[in-house]
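Q: This is the content of query-v2.txt (compact mmCIF, C-alpha atoms and all ligand atoms):
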```
# COMPACT_ATOMS: atom_id res chain seq x y z
CA MET A 12 -23.22 12.88 -8.32
CA SER A 13 -21.17 11.79 -11.34
CA ASN A 14 -18.84 8.81 -11.24
CA LYS A 15 -15.87 11.07 -11.86
CA LYS A 16 -16.61 13.20 -8.83
CA THR A 17 -17.07 10.18 -6.56
CA LYS A 18 -13.76 8.76 -7.79
CA SER A 19 -11.81 11.94 -7.10
CA LYS A 20 -12.87 11.79 -3.45
CA GLN A 21 -11.83 8.18 -2.97
CA LYS A 22 -9.03 7.62 -0.50
CA ALA A 23 -5.91 5.85 -1.70
CA TYR A 24 -3.14 4.35 0.37
CA LYS A 25 0.28 3.01 -0.49
CA VAL A 26 1.00 -0.47 0.88
CA LEU A 27 4.36 -2.22 0.67
CA LEU A 28 5.05 -5.96 1.04
CA VAL A 29 8.49 -6.89 2.31
CA GLY A 30 10.16 -10.11 3.40
CA ASP A 31 12.80 -12.60 2.31
CA THR A 32 12.94 -13.97 -1.19
CA SER A 33 10.45 -16.75 -1.91
CA VAL A 34 8.22 -16.18 1.15
CA GLY A 35 5.31 -15.57 -1.23
CA LYS A 36 4.89 -11.78 -1.50
CA THR A 37 4.07 -11.86 -5.22
CA SER A 38 1.78 -14.86 -4.75
CA ILE A 39 -0.17 -13.05 -2.03
CA ILE A 40 -0.68 -10.02 -4.28
CA LEU A 41 -1.63 -12.13 -7.29
CA GLN A 42 -4.15 -14.09 -5.23
CA TYR A 43 -5.68 -10.89 -3.82
CA THR A 44 -5.83 -8.94 -7.08
CA LYS A 45 -6.36 -11.68 -9.68
CA HIS A 46 -7.32 -14.83 -7.75
CA ILE A 47 -4.53 -16.81 -9.35
CA HIS A 48 -1.60 -18.86 -8.06
CA PRO A 49 0.98 -19.52 -10.78
CA ASN A 50 2.76 -22.84 -10.54
CA ILE A 51 6.11 -21.42 -11.57
CA TYR A 52 8.32 -19.30 -9.34
CA LEU A 53 9.50 -16.06 -10.94
CA SER A 54 11.57 -14.10 -8.45
CA THR A 55 10.63 -10.43 -8.54
CA ILE A 56 13.26 -8.12 -10.02
CA GLY A 57 13.22 -4.54 -8.82
CA LEU A 58 9.64 -3.70 -8.03
CA ASP A 59 6.12 -4.56 -9.11
CA PHE A 60 2.93 -2.67 -8.60
CA ALA A 61 -0.75 -3.50 -8.37
CA SER A 62 -3.85 -1.55 -7.46
CA LYS A 63 -7.18 -2.72 -6.12
CA GLU A 64 -10.28 -1.12 -4.72
CA GLN A 65 -11.24 -2.52 -1.34
CA LYS A 66 -14.74 -2.14 0.05
CA LEU A 67 -15.03 -1.41 3.77
CA GLU A 68 -17.78 -2.47 6.16
CA ASN A 69 -19.36 0.99 5.95
CA GLY A 70 -19.76 0.53 2.19
CA GLU A 71 -17.03 2.98 1.27
CA GLU A 72 -14.29 1.94 -1.15
CA ILE A 73 -10.64 2.82 -0.85
CA THR A 74 -7.82 2.21 -3.30
CA LEU A 75 -4.86 0.14 -2.18
CA ARG A 76 -1.75 0.81 -4.23
CA ILE A 77 0.31 -2.27 -3.55
CA TYR A 78 4.06 -2.40 -4.07
CA ASP A 79 5.79 -5.76 -4.36
CA THR A 80 9.49 -5.67 -3.49
CA ALA A 81 12.21 -8.12 -4.46
CA GLY A 82 13.36 -10.20 -1.48
CA GLN A 83 16.77 -10.63 -3.05
CA GLU A 84 17.43 -6.90 -3.18
CA LYS A 85 16.59 -5.82 0.36
CA PHE A 86 17.03 -2.20 1.27
CA ASN A 87 17.89 -0.91 -2.20
CA SER A 88 17.25 2.76 -2.97
CA ILE A 89 13.74 2.14 -4.31
CA VAL A 90 12.72 0.22 -1.21
CA LYS A 91 14.23 2.94 0.98
CA ASN A 92 12.15 5.59 -0.82
CA LEU A 93 9.01 3.52 -0.55
CA PHE A 94 9.58 2.95 3.17
CA LYS A 95 9.48 6.66 3.77
CA SER A 96 6.27 7.20 1.87
CA CYS A 97 4.22 4.04 2.38
CA GLN A 98 1.34 4.10 4.84
CA GLY A 99 0.88 0.36 5.19
CA LEU A 100 3.61 -2.24 5.54
CA ILE A 101 3.00 -5.99 5.32
CA LEU A 102 5.92 -8.02 6.72
CA VAL A 103 5.86 -11.51 5.26
CA TYR A 104 7.67 -14.65 6.41
CA ASP A 105 7.28 -18.27 5.34
CA ILE A 106 6.12 -20.62 8.12
CA THR A 107 8.40 -23.32 6.64
CA SER A 108 11.51 -21.09 6.88
CA ILE A 109 12.82 -20.12 10.30
CA GLN A 110 15.39 -17.92 8.58
CA SER A 111 12.67 -15.82 6.94
CA PHE A 112 11.06 -15.40 10.38
CA HIS A 113 14.33 -14.36 12.05
CA ASN A 114 14.83 -11.79 9.32
CA ILE A 115 11.53 -10.15 10.27
CA ASN A 116 13.49 -8.69 13.21
CA ASN A 117 15.80 -6.95 10.75
CA TRP A 118 12.84 -5.56 8.86
CA LEU A 119 11.24 -4.33 12.09
CA ASN A 120 14.45 -2.60 13.14
CA TYR A 121 14.67 -1.04 9.72
CA VAL A 122 11.05 0.13 9.97
CA LYS A 123 11.75 1.82 13.30
CA ASP A 124 14.48 3.99 11.79
CA ASN A 125 13.27 4.53 8.24
CA SER A 126 9.51 4.53 7.85
CA ASN A 127 7.02 7.27 8.48
CA LYS A 128 5.91 7.28 12.12
CA GLU A 129 2.24 6.65 11.28
CA VAL A 130 2.87 3.53 9.23
CA LYS A 131 0.46 0.64 9.90
CA LEU A 132 2.10 -2.77 10.22
CA LEU A 133 0.86 -6.30 9.77
CA LEU A 134 2.84 -9.53 10.27
CA VAL A 135 1.94 -12.33 7.86
CA GLY A 136 3.04 -15.98 8.05
CA ASN A 137 2.49 -17.45 4.59
CA LYS A 138 2.30 -21.08 3.33
CA SER A 139 0.03 -22.33 6.12
CA ASP A 140 -0.95 -25.18 3.78
CA LEU A 141 2.51 -26.70 4.41
CA GLU A 142 1.84 -27.64 8.05
CA ASP A 143 4.04 -30.75 7.87
CA LYS A 144 7.02 -28.55 6.95
CA ARG A 145 6.39 -25.92 9.61
CA GLU A 146 9.53 -24.41 11.19
CA VAL A 147 7.95 -21.33 12.77
CA GLU A 148 5.72 -22.09 15.76
CA ILE A 149 2.68 -19.90 16.06
CA ILE A 150 3.51 -19.13 19.71
CA ASP A 151 6.88 -17.64 18.68
CA ALA A 152 5.25 -15.59 15.94
CA ASN A 153 2.60 -14.39 18.42
CA ASN A 154 5.30 -13.37 20.89
CA LEU A 155 7.10 -11.34 18.25
CA ALA A 156 3.83 -9.71 17.19
CA LYS A 157 3.03 -8.82 20.82
CA LYS A 158 6.53 -7.45 21.42
CA PHE A 159 6.12 -5.02 18.51
CA ASP A 160 2.41 -4.49 19.09
CA ILE A 161 1.36 -5.66 15.66
CA GLU A 162 -1.24 -8.13 14.46
CA LEU A 163 -0.28 -11.57 13.13
CA ILE A 164 -2.17 -13.52 10.46
CA GLU A 165 -1.23 -16.92 9.07
CA ILE A 166 -2.37 -17.42 5.50
CA SER A 167 -1.95 -19.56 2.41
CA ALA A 168 -1.59 -17.67 -0.84
CA LYS A 169 -1.71 -21.00 -2.65
CA ASP A 170 -5.05 -22.11 -1.20
CA ASN A 171 -6.39 -18.56 -0.86
CA ILE A 172 -6.84 -18.83 2.90
CA GLY A 173 -6.73 -15.53 4.78
CA VAL A 174 -5.40 -13.49 1.86
CA ASP A 175 -8.37 -11.13 1.64
CA ASP A 176 -8.29 -10.74 5.45
CA VAL A 177 -4.78 -9.31 5.22
CA PHE A 178 -5.84 -6.53 2.89
CA ILE A 179 -9.17 -5.91 4.60
CA LYS A 180 -7.34 -5.50 7.91
CA ILE A 181 -4.74 -3.13 6.54
CA ALA A 182 -7.43 -1.20 4.64
CA LYS A 183 -9.39 -0.69 7.88
CA MET A 184 -6.30 0.42 9.81
CA LEU A 185 -5.42 2.92 7.11
CA TYR A 186 -8.91 4.25 6.60
CA TYR A 187 -9.67 4.82 10.27
CA ASP A 188 -6.25 6.07 11.37
CA ILE A 189 -4.89 7.92 8.36
CA ASN A 190 -7.65 9.99 6.94
CA ASP A 191 -6.08 12.63 4.79
CA THR A 192 -5.10 10.92 1.55
CA GLU A 193 -6.74 11.44 -1.82
CA VAL A 194 -6.30 9.20 -4.86
CA ASN A 195 -4.25 11.57 -6.95
CA ASP A 196 -1.81 12.92 -4.40
CA SER A 197 -1.00 9.88 -2.31
CA VAL A 198 1.65 8.22 -4.43
CA ASN A 199 4.81 10.26 -4.40
CA LEU A 200 6.93 7.77 -6.27
CA THR A 201 5.47 7.50 -9.79
CA GLN A 202 5.95 4.58 -12.15
CA ASP A 203 8.19 6.81 -14.30
CA GLU A 204 10.39 7.54 -11.30
CA ILE A 205 10.64 3.86 -10.42
CA ILE A 206 11.71 2.94 -13.95
CA ARG A 207 14.15 5.87 -14.10
CA ASN A 208 15.67 4.82 -10.78
CA ASN A 209 15.96 1.23 -11.81
CA PRO A 210 15.91 0.57 -15.57
CA SER A 211 16.02 -3.19 -15.00
CA SER A 212 12.84 -3.07 -12.93
CA SER A 213 10.12 -5.49 -13.94
CA CYS A 214 7.63 -2.96 -12.70
CA CYS A 215 4.10 -3.65 -13.75
CA ASN A 216 4.88 -6.62 -15.98
CA ILE A 217 2.74 -9.14 -14.22
CA PHE A 218 -0.23 -7.21 -12.90
N1 LIG B 1 2.76 -24.21 -0.74
C1 LIG B 1 2.74 -22.89 -0.93
N2 LIG B 1 3.60 -22.32 -1.78
C2 LIG B 1 3.55 -20.98 -1.94
C3 LIG B 1 2.64 -20.17 -1.25
N3 LIG B 1 2.84 -18.88 -1.60
C4 LIG B 1 3.84 -18.89 -2.49
N4 LIG B 1 4.27 -20.15 -2.69
C5 LIG B 1 5.37 -20.58 -3.58
O1 LIG B 1 6.60 -20.03 -3.10
C6 LIG B 1 7.44 -19.65 -4.19
C7 LIG B 1 7.81 -18.19 -4.06
O2 LIG B 1 6.65 -17.39 -4.20
P1 LIG B 1 6.72 -15.85 -4.63
O3 LIG B 1 5.36 -15.30 -4.44
O4 LIG B 1 7.32 -15.69 -5.95
O5 LIG B 1 7.73 -15.30 -3.52
P2 LIG B 1 8.30 -13.82 -3.34
O6 LIG B 1 8.30 -13.51 -1.90
O7 LIG B 1 7.56 -12.87 -4.23
O8 LIG B 1 9.82 -14.00 -3.83
P3 LIG B 1 10.82 -12.84 -4.41
O9 LIG B 1 10.12 -12.14 -5.53
O10 LIG B 1 12.03 -13.61 -4.85
O11 LIG B 1 11.15 -11.92 -3.27
C8 LIG B 1 6.64 -19.97 -5.46
O12 LIG B 1 7.05 -21.25 -5.93
C9 LIG B 1 5.21 -20.02 -4.99
O13 LIG B 1 4.39 -20.88 -5.79
C10 LIG B 1 1.71 -20.80 -0.33
O14 LIG B 1 0.87 -20.19 0.32
N5 LIG B 1 1.83 -22.16 -0.21
MG MG B 2 8.15 -11.72 -5.79
```
Please express what this file holds, its structure, as structure tokens.

A:
Amino acid sequence: MSNKKTKSKQKAYKVLLVGDTSVGKTSIILQYTKHIHPNIYLSTIGLDFASKEQKLENGEEITLRIYDTAGQEKFNSIVKNLFKSCQGLILVYDITSIQSFHNINNWLNYVKDNSNKEVKLLLVGNKSDLEDKREVEIIDANNLAKKFDIELIEISAKDNIGVDDVFIKIAKMLYYDINDTEVNDSVNLTQDEIIRNNPSSSCCNIF
């Protein structure tokens, strides 16, 4: 079988990271896709996009199309569109910011009303390397996760602890529960559309 043919059969899934500004969404994606952690903070403007092939335990590879939203511009029209079409949603808070954790409730309420019913959710507490600054107790995060029946993972994008686990977990959930997506028809919102919708978007600049 040629490479081309194998590729055309590969499953692809759209995954969106949301959460307050500065919780580390971009850092998580950069660590997963490029194994880097920049020392400077550049707040995302509009939307960014990355893609990575993730191998599963059965040896099969799937493509994760990862969308990085701007925490400062919650619920804008691009995010609303992506909510409807994404299959995986990673809700990120910062363990050193109780406010970012409280806002997860808003995101979860928004998910209930606006996302596709099959969407797979994961709750991620980032910056676990900053234990001495912790404001969000793990027991509270676990209770929230249980209440909404979602899995919780604490990670550090800076130290690359647990980052791969996040994407491996979501990849497994998508692959085993949503089985009808092919690489070329899974992404309804194209890069052109994103840029047309939001000319100031920094889409694709950093990945
Ligand atoms: N100590 C520590 N700092 C982190 C970690 N992850 C991200 N940061 C820092 O937190 C700041 C914000 O990170 P970003 O990844 O840009 O946050 P974001 O959620 O993409 O922010 P917006 O684009 O504004 O929504 C940066 O200074 C990062 O270096 C982490 O795991 N540990
Ligand atoms: Mg960002």

Q: Once you count all atoms listed in the file, which residues end up within 9 Å of ligand LIG 1 (chain B), and could you hand them over as number ranges by chain?

A: A: 28-41, 48-58, 79-85, 103-105, 137-141, 166-172

Q: Using all atoms listed in the file, which protein or nucleic acid residues come within 6 Å of Thr74 of chain A? Drop anything in the same chain fewer than 2 positions from it, and give the result as a list of chain:residue names.

A: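 Returned residues: A:Ala23, A:Lys63, A:Glu64.
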
Q: At what distance in Å, to one decimal, does atom CA of Leu132 of chain A lie from atom CA of Gln42 of chain A?

A: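 Between atom CA of Gln42 of chain A and atom CA of Leu132 of chain A the gap is 20.1 Å.
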
Q: Between atom CA of Met184 of chain A and atom CA of Asn125 of chain A, what is the distance in Å, rounded to a tenth?

A: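 So the answer is 20.1 Å.
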
Q: Could you please determine the separation between atom CA of Lys128 of chain A and atom CA of Ile149 of chain A in Å, to one decimal place?

A: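 Rounded to one decimal, the two atoms are 27.7 Å apart.
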
Q: If we count only C-alpha atoms, what is near Tyr187 of chain A at a cut-off of 12 Å, once residues fewer than 4 positions away on the same chain are taken out, given as a PyMOL selection string?

A: chain A and resi 22+24+67-69+71+73+131+180-183+191-192

Q: Based on the selection just made, write C-alpha atoms of those residues as an mmCIF file, in the coordinates of the input.

A:
```cif
data_model
loop_
_atom_site.group_PDB
_atom_site.id
_atom_site.type_symbol
_atom_site.label_atom_id
_atom_site.label_comp_id
_atom_site.auth_asym_id
_atom_site.auth_seq_id
_atom_site.Cartn_x
_atom_site.Cartn_y
_atom_site.Cartn_z
ATOM 1 C CA LYS A 22 -9.030 7.620 -0.500
ATOM 2 C CA TYR A 24 -3.140 4.350 0.370
ATOM 3 C CA LEU A 67 -15.030 -1.410 3.770
ATOM 4 C CA GLU A 68 -17.780 -2.470 6.160
ATOM 5 C CA ASN A 69 -19.360 0.990 5.950
ATOM 6 C CA GLU A 71 -17.030 2.980 1.270
ATOM 7 C CA ILE A 73 -10.640 2.820 -0.850
ATOM 8 C CA LYS A 131 0.460 0.640 9.900
ATOM 9 C CA LYS A 180 -7.340 -5.500 7.910
ATOM 10 C CA ILE A 181 -4.740 -3.130 6.540
ATOM 11 C CA ALA A 182 -7.430 -1.200 4.640
ATOM 12 C CA LYS A 183 -9.390 -0.690 7.880
ATOM 13 C CA ASP A 191 -6.080 12.630 4.790
ATOM 14 C CA THR A 192 -5.100 10.920 1.550
#
```

Q: For Phe178 of chain A, please output as a PDB file with C-alpha atoms, in the frame of the given file all residues within 9 Å (counting all atoms listed in the file; exclusion window: fewer than 5 positions along the same chain).

A:
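File written: around_3.pdb
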```
ATOM      1  CA  TYR A  43      -5.680 -10.890  -3.820  1.00  0.00           C
ATOM      2  CA  GLN A  65     -11.240  -2.520  -1.340  1.00  0.00           C
ATOM      3  CA  LEU A  75      -4.860   0.140  -2.180  1.00  0.00           C
ATOM      4  CA  LYS A 183      -9.390  -0.690   7.880  1.00  0.00           C
TER       5      LYS A 183
END
```

Q: Which is closer to Val174 of chain A than all the others in A:Ser96, A:Gln21, A:Val135, A:Ile115, using all atoms listed in the file?

A: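 Between A:Ser96, A:Gln21, A:Val135, A:Ile115, the residue approaching Val174 of chain A most closely is A:Val135.
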
Q: Tell me which of A:Ser62, A:Asn116, A:Ser126, A:Thr107 sits closest to Ala156 of chain A, counting all atoms listed in the file.

A: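 Ranking A:Ser62, A:Asn116, A:Ser126, A:Thr107 by distance to Ala156 of chain A, first place goes to A:Asn116.
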